[in-house]
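Asks: Dropping in protein_4.cif, with mmCIF, C-alpha atoms.
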```
data_input
loop_
_atom_site.label_atom_id
_atom_site.label_comp_id
_atom_site.auth_asym_id
_atom_site.auth_seq_id
_atom_site.Cartn_x
_atom_site.Cartn_y
_atom_site.Cartn_z
CA MET A 1 112.80 93.46 101.55
CA LEU A 2 112.97 94.62 105.15
CA ARG A 3 110.18 93.51 107.44
CA ASP A 4 109.38 94.81 110.90
CA VAL A 5 109.53 92.34 113.77
CA GLY A 6 107.51 93.26 116.84
CA VAL A 7 106.54 92.13 120.31
CA VAL A 8 103.25 92.65 122.14
CA CYS A 9 103.40 95.12 125.03
CA ASN A 10 100.90 95.72 127.83
CA CYS A 11 100.55 99.27 129.21
CA ALA A 12 100.44 99.72 132.99
CA MET A 13 98.56 103.00 132.74
CA CYS A 14 95.55 101.95 130.64
CA ASP A 15 96.03 98.14 130.35
CA SER A 16 95.82 98.21 126.55
CA TYR A 17 97.90 95.94 124.32
CA PHE A 18 99.90 97.01 121.30
CA VAL A 19 102.80 95.88 119.12
CA VAL A 20 106.20 97.54 119.42
CA VAL A 21 108.75 97.06 116.64
CA VAL A 22 112.00 95.70 118.10
CA MET A 23 114.02 94.99 114.95
CA GLN A 24 113.90 94.54 111.17
CA VAL A 25 114.91 91.54 109.08
CA ASP A 26 115.59 91.06 105.38
CA CYS A 27 114.14 87.62 104.70
CA SER A 28 116.14 87.35 101.46
CA ASN A 29 119.23 86.89 103.66
CA TYR A 30 117.77 83.80 105.32
CA ARG A 31 116.89 81.44 102.48
CA GLY A 32 117.05 77.67 102.62
CA GLY A 33 117.37 75.40 105.63
CA ALA A 34 120.57 77.00 106.89
CA GLY A 35 119.08 80.47 106.49
CA THR A 36 115.96 79.50 108.39
CA LYS A 37 118.09 78.17 111.22
CA ARG A 38 120.10 81.41 111.37
CA LEU A 39 116.89 83.44 111.45
CA GLU A 40 115.52 81.31 114.29
CA THR A 41 118.73 81.88 116.23
CA HIS A 42 118.45 85.62 115.55
CA TYR A 43 114.89 85.59 116.86
CA GLU A 44 115.88 83.58 119.93
CA LYS A 45 118.56 86.09 120.89
CA CYS A 46 116.02 88.89 120.60
CA GLN A 47 113.51 86.97 122.72
CA LEU A 48 116.10 86.39 125.44
CA ARG A 49 116.95 90.11 125.54
CA LEU A 50 113.27 90.97 125.89
CA GLU A 51 112.74 88.30 128.55
CA GLU A 52 115.67 89.68 130.55
CA ALA A 53 114.50 93.28 130.20
CA VAL A 54 110.88 92.43 131.22
CA TRP A 55 109.71 96.07 131.13
CA THR A 56 110.05 98.99 128.78
CA GLN A 57 108.77 102.50 128.16
CA ALA A 58 106.71 102.90 125.03
CA ARG A 59 104.36 105.24 123.19
CA CYS A 60 100.88 103.96 123.99
CA ALA A 61 98.15 105.20 121.63
CA SER A 62 95.41 104.83 124.23
CA CYS A 63 97.37 106.82 126.82
CA MET A 64 98.14 109.55 124.30
CA GLU A 65 94.43 109.82 123.52
CA LEU A 66 93.52 109.90 127.20
CA VAL A 67 96.13 112.52 128.08
CA THR A 68 95.60 114.80 125.08
CA GLY A 69 91.87 114.28 124.47
CA MET A 70 92.70 113.80 120.78
CA ARG A 71 92.47 110.81 118.48
CA TYR A 72 95.85 109.19 117.84
CA GLY A 73 95.97 110.35 114.21
CA GLU A 74 95.16 113.90 115.27
CA TRP A 75 97.90 113.83 117.89
CA LEU A 76 100.44 112.68 115.28
CA GLN A 77 99.66 115.81 113.26
CA SER A 78 100.04 118.06 116.30
CA ASP A 79 103.17 119.40 117.97
CA LEU A 80 102.27 117.94 121.38
CA PRO A 81 105.08 115.91 123.00
CA VAL A 82 105.18 112.15 123.49
CA HIS A 83 104.28 110.85 126.96
CA PRO A 84 105.89 107.38 127.21
CA SER A 85 104.10 104.86 129.39
CA PRO A 86 105.54 102.02 131.50
CA ALA A 87 104.83 98.74 129.74
CA ARG A 88 105.78 95.07 129.94
CA PHE A 89 106.70 92.63 127.21
CA VAL A 90 103.99 89.98 126.87
CA ALA A 91 104.60 86.23 127.02
CA PHE A 92 101.48 84.27 126.13
CA ASP A 93 102.56 81.17 128.03
CA GLU A 94 104.14 81.07 131.49
CA GLY A 95 107.80 80.12 131.34
CA GLU A 96 108.12 81.16 127.69
CA PRO A 97 109.92 84.29 126.42
CA PRO A 98 107.96 87.13 124.76
CA THR A 99 106.49 86.13 121.41
CA LEU A 100 107.74 87.73 118.19
CA TYR A 101 105.57 88.73 115.22
CA VAL A 102 106.54 89.81 111.72
CA ASP A 103 104.70 92.31 109.53
CA GLU A 104 103.78 90.38 106.39
CA ASN A 105 102.84 93.64 104.66
CA ALA A 106 106.41 94.91 105.02
CA GLY A 107 105.26 98.41 105.95
CA ALA A 108 102.81 98.72 103.04
CA GLY A 109 99.57 99.93 104.60
CA LYS A 110 98.05 98.51 107.76
CA PRO A 111 100.45 96.02 109.42
CA LYS A 112 99.59 92.33 109.14
CA TRP A 113 101.24 90.70 112.14
CA SER A 114 101.92 86.97 111.87
CA LEU A 115 103.60 84.68 114.37
CA ALA A 116 107.36 84.63 113.78
CA GLN A 117 108.60 82.72 116.81
CA GLY A 118 107.22 81.67 120.18
CA VAL A 119 103.90 80.70 121.70
CA GLY A 120 100.87 82.85 120.90
CA PRO A 121 98.07 83.62 118.44
CA LYS A 122 99.02 82.94 114.83
CA THR A 123 97.92 86.42 113.79
CA LEU A 124 97.20 89.74 115.53
CA GLU A 125 94.49 92.14 114.47
CA THR A 126 95.18 95.84 115.01
CA ASP A 127 92.62 98.64 115.01
CA ASN A 128 92.39 101.32 112.33
CA SER A 129 94.46 103.95 114.17
CA ARG A 130 97.70 102.75 112.51
CA SER A 131 99.26 102.75 116.00
CA ASN A 132 99.73 98.95 116.21
CA ARG A 133 97.14 98.92 119.01
CA LEU A 134 95.53 95.50 119.13
CA HIS A 135 91.85 95.15 118.36
CA LYS A 136 90.34 94.12 121.71
CA PRO A 137 88.66 90.83 120.68
CA THR A 138 91.99 89.55 119.32
CA LEU A 139 93.21 88.49 122.77
CA ARG A 140 89.87 87.43 124.25
CA GLY A 141 90.22 84.04 125.87
CA ILE A 142 94.01 84.14 125.58
CA LEU A 143 95.06 86.54 128.32
CA GLY A 144 91.82 86.53 130.30
CA PRO A 145 89.53 89.46 131.13
CA ARG A 146 92.43 91.93 131.46
CA ALA A 147 92.90 91.70 127.71
CA GLU A 148 89.89 94.00 127.45
CA ILE A 149 90.71 97.71 127.58
CA TRP A 150 88.86 99.20 130.53
CA GLU A 151 86.20 101.44 128.97
CA GLY A 152 85.68 103.82 131.90
CA LEU A 153 89.10 105.48 131.83
CA LYS A 154 88.35 108.51 129.71
CA GLY A 155 87.84 111.60 131.85
CA GLY A 156 89.10 109.89 135.01
CA PRO A 157 90.47 112.18 137.72
CA VAL A 158 94.08 111.05 137.27
CA VAL A 159 94.34 111.42 133.50
CA GLY A 160 96.10 114.77 133.78
CA ASP A 161 97.95 113.97 136.99
CA CYS A 162 100.29 111.10 136.18
CA ASP A 163 103.71 112.77 136.43
CA THR A 164 104.68 110.94 139.63
CA VAL A 165 103.92 107.45 138.38
CA LEU A 166 105.56 108.08 135.02
CA THR A 167 108.70 109.62 136.51
CA THR A 168 109.08 106.93 139.17
CA ALA A 169 108.17 103.98 136.94
CA LEU A 170 110.24 105.07 133.94
CA ALA A 171 113.24 105.83 136.16
CA SER A 172 112.96 102.31 137.57
CA ILE A 173 112.68 100.78 134.10
CA ALA A 174 115.79 102.69 133.05
CA GLN A 175 117.71 101.00 135.86
CA GLY A 176 117.03 97.61 134.29
CA SER A 177 115.36 94.56 135.81
CA SER A 178 118.44 93.84 137.92
CA GLY A 179 118.33 97.26 139.60
CA GLU A 180 117.74 97.40 143.34
CA GLY A 181 114.05 96.88 144.13
CA VAL A 182 113.02 97.36 140.50
CA SER A 183 111.46 93.96 139.90
CA ALA A 184 109.35 93.99 143.07
CA PHE A 185 108.19 97.57 142.48
CA LEU A 186 107.19 97.13 138.84
CA THR A 187 105.52 93.77 139.51
CA SER A 188 103.41 95.39 142.24
CA LEU A 189 102.69 98.40 140.02
CA PHE A 190 101.47 96.25 137.13
CA SER A 191 99.24 94.27 139.47
CA LEU A 192 97.22 97.48 139.88
CA SER A 193 96.82 98.11 136.14
CA PRO A 194 95.09 100.07 134.73
CA LEU A 195 96.51 102.89 136.83
CA PHE A 196 94.25 105.41 135.10
CA LYS A 197 91.32 103.76 136.91
CA PRO A 198 90.71 106.05 139.92
CA GLU A 199 90.59 103.35 142.63
CA ASN A 200 93.74 101.69 141.25
CA TRP A 201 95.49 105.04 141.16
CA GLN A 202 94.68 105.64 144.83
CA ALA A 203 95.83 102.14 145.76
CA ALA A 204 99.16 102.77 144.00
CA GLN A 205 100.00 105.95 145.92
CA PRO A 206 101.72 104.29 148.93
CA LEU A 207 103.72 102.09 146.56
CA LEU A 208 104.78 105.09 144.47
CA ALA A 209 105.69 107.16 147.53
CA THR A 210 107.86 104.38 148.93
CA ARG A 211 109.59 103.81 145.60
CA GLU A 212 110.17 107.53 145.12
CA VAL A 213 112.00 107.66 148.46
CA GLU A 214 114.02 104.58 147.49
CA VAL A 215 115.00 106.16 144.17
CA GLN A 216 116.02 109.39 145.89
CA THR A 217 118.04 107.47 148.48
CA MET A 218 119.84 105.50 145.77
CA GLU A 219 120.57 108.70 143.86
CA MET A 220 122.03 110.32 146.98
CA GLU A 221 124.19 107.23 147.56
CA ARG A 222 125.34 107.32 143.94
CA MET A 223 126.29 110.98 144.31
CA ARG A 224 128.15 110.24 147.56
CA ILE A 225 130.16 107.48 145.92
CA GLU A 226 130.93 109.73 142.95
CA GLU A 227 132.07 112.52 145.26
CA GLU A 228 134.37 110.13 147.12
CA ARG A 229 135.81 108.95 143.82
CA VAL A 230 136.53 112.52 142.70
CA ARG A 231 138.14 113.33 146.04
CA ALA A 232 140.33 110.23 145.81
CA GLU A 233 141.45 111.18 142.30
CA MET A 234 142.24 114.73 143.43
CA ALA A 235 144.27 113.37 146.36
CA VAL A 236 146.31 111.20 143.98
CA GLU A 237 146.89 114.16 141.66
CA LEU A 238 148.05 116.35 144.56
CA ARG A 239 150.36 113.62 145.82
CA ASP A 240 151.86 113.16 142.37
CA GLU A 241 152.34 116.91 142.11
CA ASP A 242 154.17 116.97 145.47
CA VAL A 243 156.44 114.15 144.31
CA TRP A 244 157.19 116.04 141.09
CA MET A 245 158.03 119.21 143.01
CA ASP A 246 160.34 117.25 145.33
CA CYS A 247 162.15 115.86 142.29
CA ILE A 248 162.61 119.36 140.87
CA ASN A 249 163.93 120.71 144.15
#
```
Would you kindly transcribe this structure into structure tokens?
Replies:
Amino acid sequence: MLRDVGVVCNCAMCDSYFVVVVMQVDCSNYRGGAGTKRLETHYEKCQLRLEEAVWTQARCASCMELVTGMRYGEWLQSDLPVHPSPARFVAFDEGEPPTLYVDENAGAGKPKWSLAQGVGPKTLETDNSRSNRLHKPTLRGILGPRAEIWEGLKGGPVVGDCDTVLTTALASIAQGSSGEGVSAFLTSLFSLSPLFKPENWQAAQPLLATREVEVQTMEMERMRIEEERVRAEMAVELRDEDVWMDCIN
């Protein structure tokens, strides 16, 4: 039977925590000591990929509720589009890769997340929205006060005005953690979480403006390099054509 394997993510926009499914495993393929060892290796490879990626873009239930003014279940039944949020993979212990959890209910009803591999709580309690959003008290005392979802976000002045941060942050995430300036930008951005909080949003504006210019500059440089490549290829084609004509003549 296939079981979902997930990792905890932390949203930069609203600072909520939720589980994102990253793969599925059929435990019947990993029986016995040798099977357990192969499964551990499989998990380790996944953890290393997540640790290298650091950040992701994900559907955050709290953000969807803030942006749309609807409960998550109501939004699922609507035709409103998804607004992905910048998020980071959570490691519960410094120096450790992100922790993996497996759904013991195997997709039957509300997920029951249990520790699969890594350092972290043995179980995770999600709320009743069926969005894999973690019940707030679950992480109390584990990740500190920021594990609490900030309650004053709803109706904030930036709820409907987040295009810039989403475009800039998600474009940076798409470049990968090794992209130019990406790590420093996203680290600084997450230090201001939750960005839906008005004073944090204002504090992030200079950072976003600088990064937007950097992204535009890099895009212009990419286009310049591509144009030079095309010109070089055209020059080679013209030269080859001249050689061919000389041979004919």
Asks: Taking only C-alpha atoms into account, which of A:Lys112, A:Arg211, A:Arg224, A:Arg133 comes nearest Asp4 of chain A?
Replies: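 The shortest atom-to-atom distance to Asp4 of chain A comes from A:Lys112.
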Asks: Hey, what comes out of the PyMOL selection byres ((chain A and resi 48-60) around 7) on this file? Could you write it as a PyMOL selection string?
Replies: chain A and resi 44-47+61-64+82-89+97-98+170+173+176-177
Asks: The selected residues should be written to file as a CSV table (one decimal), keeping the file's coordinate frame (atoms: C-alpha atoms).
Replies:
```csv
chain,number,residue,atom,x,y,z
A,44,GLU,CA,115.9,83.6,119.9
A,45,LYS,CA,118.6,86.1,120.9
A,46,CYS,CA,116.0,88.9,120.6
A,47,GLN,CA,113.5,87.0,122.7
A,61,ALA,CA,98.2,105.2,121.6
A,62,SER,CA,95.4,104.8,124.2
A,63,CYS,CA,97.4,106.8,126.8
A,64,MET,CA,98.1,109.6,124.3
A,82,VAL,CA,105.2,112.2,123.5
A,83,HIS,CA,104.3,110.8,127.0
A,84,PRO,CA,105.9,107.4,127.2
A,85,SER,CA,104.1,104.9,129.4
A,86,PRO,CA,105.5,102.0,131.5
A,87,ALA,CA,104.8,98.7,129.7
A,88,ARG,CA,105.8,95.1,129.9
A,89,PHE,CA,106.7,92.6,127.2
A,97,PRO,CA,109.9,84.3,126.4
A,98,PRO,CA,108.0,87.1,124.8
A,170,LEU,CA,110.2,105.1,133.9
A,173,ILE,CA,112.7,100.8,134.1
A,176,GLY,CA,117.0,97.6,134.3
A,177,SER,CA,115.4,94.6,135.8
```
Asks: Return the single residue from A:Glu125, A:Ala106, A:Val67, A:Glu40 that is closest to Asp26 of chain A, with distances computed using only C-alpha atoms.
Replies: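 Using only C-alpha atoms, Asp26 of chain A sits closest to A:Ala106.
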Asks: Name the residues in contact with Leu124 of chain A at a cut-off of 12 Å, using only C-alpha atoms, excluding same-chain residues fewer than 2 positions from it; report them as an NGL selection string.
Replies: :A and (6-8 or 17-19 or 99-104 or 110-116 or 120-122 or 126-127 or 132-140 or 142)
Asks: Find the distance between atom CA of Tyr72 of chain A and atom CA of Ser131 of chain A and write it in Å to one decimal.
Replies: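 One can read the atom CA of Tyr72 of chain A to atom CA of Ser131 of chain A distance as 7.5 Å.
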Asks: Ranking A:Ala184, A:His42, A:Gly69, A:Leu208 by minimum distance to Val25 of chain A and counting only C-alpha atoms, which one comes first?
Replies: A:His42
Asks: Using all atoms listed in the file, which of A:Phe196, A:Phe190, A:Tyr30, A:Phe185 sits nearest Thr210 of chain A?
Replies: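 Once distances to Thr210 of chain A are computed over all atoms listed in the file, the minimum belongs to A:Phe185.
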Asks: Tell me, in Å to one decimal, how far atom CA of Glu65 of chain A is from atom CA of Ser78 of chain A.
Replies: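 For atom CA of Glu65 of chain A relative to atom CA of Ser78 of chain A, the distance reads 12.3 Å.
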Asks: Please list, as a PDB file with C-alpha atoms, keeping the file's coordinate frame, the residues that have an atom at most 9 Å away from (110.9, 78.8, 114.4) in the coordinates of this file, counting all atoms listed in the file.
Replies:
```
ATOM      1  CA  THR A  36     115.960  79.500 108.390  1.00  0.00           C
ATOM      2  CA  LYS A  37     118.090  78.170 111.220  1.00  0.00           C
ATOM      3  CA  LEU A  39     116.890  83.440 111.450  1.00  0.00           C
ATOM      4  CA  GLU A  40     115.520  81.310 114.290  1.00  0.00           C
ATOM      5  CA  THR A  41     118.730  81.880 116.230  1.00  0.00           C
ATOM      6  CA  TYR A  43     114.890  85.590 116.860  1.00  0.00           C
ATOM      7  CA  GLU A  44     115.880  83.580 119.930  1.00  0.00           C
ATOM      8  CA  ALA A 116     107.360  84.630 113.780  1.00  0.00           C
ATOM      9  CA  GLN A 117     108.600  82.720 116.810  1.00  0.00           C
ATOM     10  CA  GLY A 118     107.220  81.670 120.180  1.00  0.00           C
TER      11      GLY A 118
END
```
Asks: List, as a ChimeraX atom specification, every residue that the PyMOL selection byres ((chain A and resi 188) around 12) selects in the file provided.
Replies: /A:12,169,181-187,189-193,195,200,203-208,211
Asks: Would you mind reading off the distance between atom CA of Cys9 of chain A and atom CA of Lys197 of chain A, one decimal, in Å?
Replies: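 Going from atom CA of Cys9 of chain A over to atom CA of Lys197 of chain A, I get 19.0 Å.
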Asks: So which one's closest to Asn10 of chain A, A:Met23, A:Leu76, A:Ala34, A:Ala91? Using all atoms listed in the file, please.
Replies: A:Ala91
